[in-house]
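Input: a single structure, listed below in structure tokens.
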Protein chains: 2
Amino acid sequence: MNTASSRTEAEREREFLANYDPHQYAPVAVTVDVAAFTIREGTLSVLLVQRAAPPYANAWCLPGGFLSPDQSGRFPDLASAAAMRLAKETGLTSEVAGADDRLARVHLEQLASYGTPRRDPRMHVISVAYVALAPDLPEPVAGEGTLAARWLPVEEAASLTLAFDHNQILADALERARGKLEYTSLATAFLPKEFTISQLRKVYEIVWGEDLTPSVFRRKVHATAGFVLATGQHTAHGGAGGGPRAVLYRAGGQALLHPAIEREATTVRRLGIDEAVSS
Amino acid sequence: MNTASSRTEAEREREFLANYDPHQYAPVAVTVDVAAFTIREGTLSVLLVQRAAPPYANAWCLPGGFLSPDQSGRFPDLASAAAMRLAKETGLTSEVAGADDRLARVHLEQLASYGTPRRDPRMHVISVAYVALAPDLPEPVAGEGTLAARWLPVEEAASLTLAFDHNQILADALERARGKLEYTSLATAFLPKEFTISQLRKVYEIVWGEDLTPSVFRRKVHATAGFVLATGQHTAHGGAGGGPRAVLYRAGGQALLHPAIEREATTVRRLGIDEAVSS
DNA sequence: AGAATAGTGTCTGTTAGACACTATTAG
DNA sequence: CTAATAGTGTCTAACAGACACTATTCT
């Protein structure tokens, strides 16, 4: 297109960048916060940390922190920053691979960004929030700058007054997680590498808080190619109160569910009658 | 919880904030970019602007800019910043209300944030991207700092090399817009206040690039209560090549579609056969 | 008149949910 | 043995897509 003037353009670009001063504008900060969910003792739980320093000292909040460069001045990308925050609080670093692959199997996805003015009293802060779905992770260890770190049942966490606007972020993250189970195969992210259909069903029941018909659920799962892959193996024992040994499956990669497995909250009436607008 | 020490805590928080220096950290910038879609001349089009200054001088990109405070030092929230960018480039300011309500009816939603290192050569920049769906808007006027502003058919826009990572943002925004038509009533955002079912169907056909069976589509729309509201009025003329006058409808508020109106790209096979994993 | 469009009705194969039923294993 | 669980099969009402059909209006 503009190849004719490309040389001078390139020069101009170089000159511009050499003279650019990033400090000339009003300061804005970016934080990355993570709403990490796991299933512990039959309950959907979220990872919270207790703040040691102001602002909101002593208050609980989602793990997170300022996006900042490493020693060599390089910034991580947003997803890496979120993964680092999570690893720090759970005490599971991805460097210790092999020893525990649970952190490697964590599903991490961006939720949304929050930038309401005065959501942070220090300065204008944009928070990029992530949602993490994880198999049963160990009890977290409080990292530097935090008094404590805990898995809390989501209802309990939502009833607390969290720092900043983290109640809002938590609510949005919960809705995202619940909704995603409907149309993706992400429920497997809550389970160990091998699992049974019953365990998979329990994930849905716990996350949604409603019971599903076992046989219907089983058919729906098998109706989506690539949701689960049979290993050919069986569990060592039958169900808790008896029953045959169940077939073990593995997660079959990311799959979109068609049709979706719907929760009741989503199953809305379809009356099909337009309300007339009186002119 | 910590009411016992709340006074001293409050004092500590005040003291901390008084001494806080926002400039002590490495600078990060936040931009807000908008992928605004509209339907012009039977084609899904996106609003692009041509950059006047480095970096990427002369290149086309999505309208957007740095998140910065106004004269009184106050930052807008992210959605307002996006709306301002859009208003500036379309020449339609929301202050001129009454004269034209089309801008007021624009649907604006957050898409995602982009923070890949070196996506901006000036410094580390996090871009919060928004998607806008708008009824047929006027030809844009180039704002300050831009050489030109145009509506471009999305295929044409996607074939250009846009500045920064805006090709990626555009692709994500397109997929968001196409997907959202499936399970929400947002298609009405592309239409004037009153419209016919055929016009609504054309929106789907244009955005998805596939034909829909008129009678099936009509039933699906009416099957979702609250999608459209009959006004009782009819169009002044029949269809282009003849036909009765169509009933006029208005958008019936935000509705979730159940069942969804699916495009072919989403209709996947459901074979229901697990591939066995060989040990 | 002819063609295109708006809108309704009908037919048929598919599917969802419910539930019966068998087989297997824990206690 | 009894109860609980894994997994399969069957029945039925509802629904999706296809398409026939009528009515209306433009050219």
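Just remember, in the structure tokens the first chain shown is A, the second B, etc., residues are 1-based per chain, and ligands are 1-based in the order shown.
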
(request) Name all residues at most 9 Å from A:Val141 (count only C-alpha atoms (C1' of nucleotides); drop same-chain ones fewer than 6 positions away) and give them as a list in words. (result) Lys88, Glu89, Thr90, Gly91, Ala148, Ala149 and Arg150 of chain A

(request) Please report as number ranges by chain which residues of chain A come no farther than 6 Å from chain C, using only C-alpha atoms (C1' of nucleotides). (result) A: 238, 241-244

(message) For a quick test of understanding: name the residues of chain D lying within 12 Å of chain A when counting only C-alpha atoms (C1' of nucleotides), and present them as a ChimeraX atom specification.
(response) /D:2-9

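Straight-line separation from atom CA of B:Phe66 to atom CA of B:Leu78: 10.9 Å.
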
Considering only C-alpha atoms (C1' of nucleotides), return as a short mmCIF file (atom, residue, chain, number, x, y, z; two decimals) with N, CA and C atoms, in the first residue's frame whatever protein or nucleic-acid residues lie within 7 Å of stretch 42-57 of chain A, sequence-local ones (same chain, fewer than 3 positions apart) excluded.
data_model
loop_
_atom_site.label_atom_id
_atom_site.label_comp_id
_atom_site.auth_asym_id
_atom_site.auth_seq_id
_atom_site.Cartn_x
_atom_site.Cartn_y
_atom_site.Cartn_z
N ALA A 35 -10.08 -16.15 40.18
CA ALA A 35 -11.10 -16.88 40.95
C ALA A 35 -10.88 -18.36 40.62
N ALA A 36 -10.24 -19.06 41.56
CA ALA A 36 -9.91 -20.46 41.33
C ALA A 36 -10.91 -21.35 42.05
N PHE A 37 -11.54 -22.24 41.30
CA PHE A 37 -12.54 -23.12 41.87
C PHE A 37 -12.02 -24.55 41.89
N THR A 38 -12.42 -25.25 42.93
CA THR A 38 -12.14 -26.68 43.00
C THR A 38 -13.26 -27.32 43.79
N ILE A 39 -13.31 -28.64 43.75
CA ILE A 39 -14.33 -29.33 44.54
C ILE A 39 -13.64 -30.06 45.68
N TRP A 60 -10.48 -10.44 53.23
CA TRP A 60 -10.24 -11.53 52.30
C TRP A 60 -10.47 -11.04 50.88
N CYS A 61 -9.77 -11.63 49.96
CA CYS A 61 -9.97 -11.28 48.56
C CYS A 61 -9.47 -12.41 47.67
N LEU A 62 -9.70 -12.28 46.39
CA LEU A 62 -9.19 -13.26 45.44
C LEU A 62 -7.68 -13.06 45.29
N PRO A 63 -6.94 -14.13 45.09
CA PRO A 63 -5.50 -13.97 44.89
C PRO A 63 -5.24 -13.17 43.61
N GLY A 145 3.12 -11.43 51.88
CA GLY A 145 2.17 -10.34 51.84
C GLY A 145 0.73 -10.76 52.11
N THR A 146 0.53 -12.04 52.44
CA THR A 146 -0.81 -12.46 52.80
C THR A 146 -0.77 -13.15 54.16
N LEU A 147 -1.80 -12.90 54.95
CA LEU A 147 -1.86 -13.49 56.29
C LEU A 147 -2.27 -14.95 56.23
N ALA A 148 -3.14 -15.26 55.30
CA ALA A 148 -3.65 -16.63 55.23
C ALA A 148 -4.16 -16.90 53.83
N ALA A 149 -4.34 -18.15 53.52
CA ALA A 149 -4.91 -18.56 52.23
C ALA A 149 -5.75 -19.80 52.51
N ARG A 150 -6.96 -19.84 51.96
CA ARG A 150 -7.86 -20.95 52.24
C ARG A 150 -8.76 -21.24 51.05
N TRP A 151 -9.18 -22.50 50.98
CA TRP A 151 -10.30 -22.84 50.12
C TRP A 151 -11.57 -22.61 50.94
N LEU A 152 -12.51 -21.86 50.38
CA LEU A 152 -13.77 -21.60 51.08
C LEU A 152 -14.93 -22.02 50.19
N PRO A 153 -15.93 -22.70 50.78
CA PRO A 153 -17.14 -22.99 49.99
C PRO A 153 -17.67 -21.70 49.38
N VAL A 154 -18.13 -21.75 48.16
CA VAL A 154 -18.47 -20.52 47.45
C VAL A 154 -19.58 -19.72 48.15
N ALA A 163 -12.43 -7.67 49.70
CA ALA A 163 -11.78 -6.41 49.37
C ALA A 163 -12.12 -5.99 47.94
N ILE A 206 -22.85 -30.86 42.01
CA ILE A 206 -22.26 -30.00 43.05
C ILE A 206 -22.18 -28.55 42.55
N VAL A 207 -21.73 -28.38 41.33
CA VAL A 207 -21.55 -27.02 40.83
C VAL A 207 -22.90 -26.34 40.64
N GLU B 13 -4.78 2.65 57.22
CA GLU B 13 -5.15 2.71 55.82
C GLU B 13 -5.01 4.13 55.28
N PHE B 16 -1.35 5.01 54.90
CA PHE B 16 -0.77 4.31 53.76
C PHE B 16 -1.09 5.02 52.45
#

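The nearest approach to chain A among the residues B:Glu41, B:Glu175, B:Asp70, B:Asp165, with only C-alpha atoms taken into account, belongs to B:Asp70.
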
(request) For stretch 118-122 of chain B, list every protein, DNA or RNA residue within 10 Å, evaluated using only C-alpha atoms (C1' of nucleotides), and leave out those in the same chain fewer than 3 positions away; present the list as number ranges by chain. (result) A: 13-14, 16-22, 74-75, 77; B: 29, 54-56, 114-115, 125-127, 163-166

Could you please take those selected residues and save N, CA and C atoms as a PDB file, in the first residue's frame?
ATOM      1  N   GLU A  13       9.003   6.143  12.486  1.00  0.00           N
ATOM      2  CA  GLU A  13       8.544   5.280  13.583  1.00  0.00           C
ATOM      3  C   GLU A  13       9.654   5.091  14.603  1.00  0.00           C
ATOM      4  N   ARG A  14      10.867   4.850  14.113  1.00  0.00           N
ATOM      5  CA  ARG A  14      11.997   4.636  15.034  1.00  0.00           C
ATOM      6  C   ARG A  14      12.270   5.868  15.880  1.00  0.00           C
ATOM      7  N   PHE A  16      10.218   8.250  16.609  1.00  0.00           N
ATOM      8  CA  PHE A  16       9.116   8.452  17.551  1.00  0.00           C
ATOM      9  C   PHE A  16       9.310   7.612  18.807  1.00  0.00           C
ATOM     10  N   LEU A  17       9.658   6.353  18.597  1.00  0.00           N
ATOM     11  CA  LEU A  17       9.780   5.439  19.733  1.00  0.00           C
ATOM     12  C   LEU A  17      10.976   5.811  20.609  1.00  0.00           C
ATOM     13  N   ALA A  18      12.037   6.301  19.996  1.00  0.00           N
ATOM     14  CA  ALA A  18      13.223   6.670  20.772  1.00  0.00           C
ATOM     15  C   ALA A  18      12.902   7.819  21.725  1.00  0.00           C
ATOM     16  N   ASN A  19      11.992   8.683  21.307  1.00  0.00           N
ATOM     17  CA  ASN A  19      11.680   9.858  22.125  1.00  0.00           C
ATOM     18  C   ASN A  19      10.472   9.651  23.032  1.00  0.00           C
ATOM     19  N   TYR A  20       9.906   8.455  22.991  1.00  0.00           N
ATOM     20  CA  TYR A  20       8.653   8.248  23.720  1.00  0.00           C
ATOM     21  C   TYR A  20       8.916   8.092  25.212  1.00  0.00           C
ATOM     22  N   ASP A  21       8.201   8.854  26.017  1.00  0.00           N
ATOM     23  CA  ASP A  21       8.357   8.746  27.467  1.00  0.00           C
ATOM     24  C   ASP A  21       7.081   8.180  28.087  1.00  0.00           C
ATOM     25  N   PRO A  22       7.139   6.940  28.550  1.00  0.00           N
ATOM     26  CA  PRO A  22       5.937   6.299  29.080  1.00  0.00           C
ATOM     27  C   PRO A  22       5.420   6.965  30.347  1.00  0.00           C
ATOM     28  N   ARG A  74      10.901  -7.549  31.664  1.00  0.00           N
ATOM     29  CA  ARG A  74       9.886  -8.097  30.754  1.00  0.00           C
ATOM     30  C   ARG A  74       8.588  -8.386  31.499  1.00  0.00           C
ATOM     31  N   PHE A  75       7.491  -8.030  30.860  1.00  0.00           N
ATOM     32  CA  PHE A  75       6.185  -8.339  31.426  1.00  0.00           C
ATOM     33  C   PHE A  75       5.743  -9.720  30.973  1.00  0.00           C
ATOM     34  N   ASP A  77       2.699 -12.343  29.868  1.00  0.00           N
ATOM     35  CA  ASP A  77       1.372 -12.091  29.314  1.00  0.00           C
ATOM     36  C   ASP A  77       0.330 -12.336  30.415  1.00  0.00           C
TER      37      ASP A  77
ATOM     38  N   ALA B  29       0.268   0.835  30.399  1.00  0.00           N
ATOM     39  CA  ALA B  29      -0.821   1.658  29.883  1.00  0.00           C
ATOM     40  C   ALA B  29      -2.015   0.782  29.557  1.00  0.00           C
ATOM     41  N   PRO B  54       2.769   7.680  14.333  1.00  0.00           N
ATOM     42  CA  PRO B  54       3.387   6.448  14.786  1.00  0.00           C
ATOM     43  C   PRO B  54       2.876   6.091  16.177  1.00  0.00           C
ATOM     44  N   PRO B  55       2.928   4.850  16.574  1.00  0.00           N
ATOM     45  CA  PRO B  55       3.378   3.723  15.743  1.00  0.00           C
ATOM     46  C   PRO B  55       2.309   3.284  14.752  1.00  0.00           C
ATOM     47  N   TYR B  56       2.725   2.549  13.753  1.00  0.00           N
ATOM     48  CA  TYR B  56       1.815   2.062  12.712  1.00  0.00           C
ATOM     49  C   TYR B  56       1.133   3.202  11.976  1.00  0.00           C
ATOM     50  N   TYR B 114      -6.329  -7.816  26.061  1.00  0.00           N
ATOM     51  CA  TYR B 114      -5.177  -8.349  25.345  1.00  0.00           C
ATOM     52  C   TYR B 114      -3.911  -7.744  25.938  1.00  0.00           C
ATOM     53  N   GLY B 115      -2.973  -8.591  26.285  1.00  0.00           N
ATOM     54  CA  GLY B 115      -1.780  -8.092  26.947  1.00  0.00           C
ATOM     55  C   GLY B 115      -0.512  -8.812  26.562  1.00  0.00           C
ATOM     56  N   VAL B 125       1.288  -2.465  26.971  1.00  0.00           N
ATOM     57  CA  VAL B 125      -0.069  -1.932  26.882  1.00  0.00           C
ATOM     58  C   VAL B 125      -1.071  -3.065  26.992  1.00  0.00           C
ATOM     59  N   ILE B 126      -2.021  -2.879  27.888  1.00  0.00           N
ATOM     60  CA  ILE B 126      -3.147  -3.798  27.984  1.00  0.00           C
ATOM     61  C   ILE B 126      -4.318  -3.163  27.268  1.00  0.00           C
ATOM     62  N   SER B 127      -4.891  -3.890  26.319  1.00  0.00           N
ATOM     63  CA  SER B 127      -6.040  -3.361  25.604  1.00  0.00           C
ATOM     64  C   SER B 127      -7.312  -4.068  26.053  1.00  0.00           C
ATOM     65  N   ALA B 163      -3.132  -2.548  12.481  1.00  0.00           N
ATOM     66  CA  ALA B 163      -2.094  -2.188  13.451  1.00  0.00           C
ATOM     67  C   ALA B 163      -2.227  -3.040  14.711  1.00  0.00           C
ATOM     68  N   PHE B 164      -1.111  -3.150  15.435  1.00  0.00           N
ATOM     69  CA  PHE B 164      -1.079  -3.905  16.689  1.00  0.00           C
ATOM     70  C   PHE B 164      -1.577  -5.329  16.445  1.00  0.00           C
ATOM     71  N   ASP B 165      -2.345  -5.874  17.409  1.00  0.00           N
ATOM     72  CA  ASP B 165      -2.919  -7.207  17.229  1.00  0.00           C
ATOM     73  C   ASP B 165      -4.397  -7.100  16.906  1.00  0.00           C
ATOM     74  N   HIS B 166      -4.744  -6.052  16.169  1.00  0.00           N
ATOM     75  CA  HIS B 166      -6.166  -5.800  15.930  1.00  0.00           C
ATOM     76  C   HIS B 166      -6.797  -6.801  14.977  1.00  0.00           C
TER      77      HIS B 166
END

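Taking atom CA of A:Ala255 as the reference point, atom CA of B:Thr224 is found at 27.0 Å.
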
(request) Please indicate the distance in Å from atom CA of A:Val228 to atom CA of A:Ala251, rounded to one decimal place. (result) 4.9 Å

(request) Enumerate, as a ChimeraX atom specification, the complete set of residues in stretch 24-227 of chain B that a backbone-based DSSP assignment places in strand (DSSP E). (result) /B:29-40,43-51,60-61,64-66,107-114,125-133,146-153,194-195

(request) Could you find all residues in stretch 115-239 of chain B that DSSP calls alpha helix (DSSP H) from the backbone, and write them as an NGL selection string? (result) :B and (154-159 or 166-183 or 197-208 or 214-223)

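In this comparison, which uses only C-alpha atoms, the residue of A:Arg105, A:Tyr204, A:Leu174, A:Tyr183 approaching chain B most closely is A:Tyr183.
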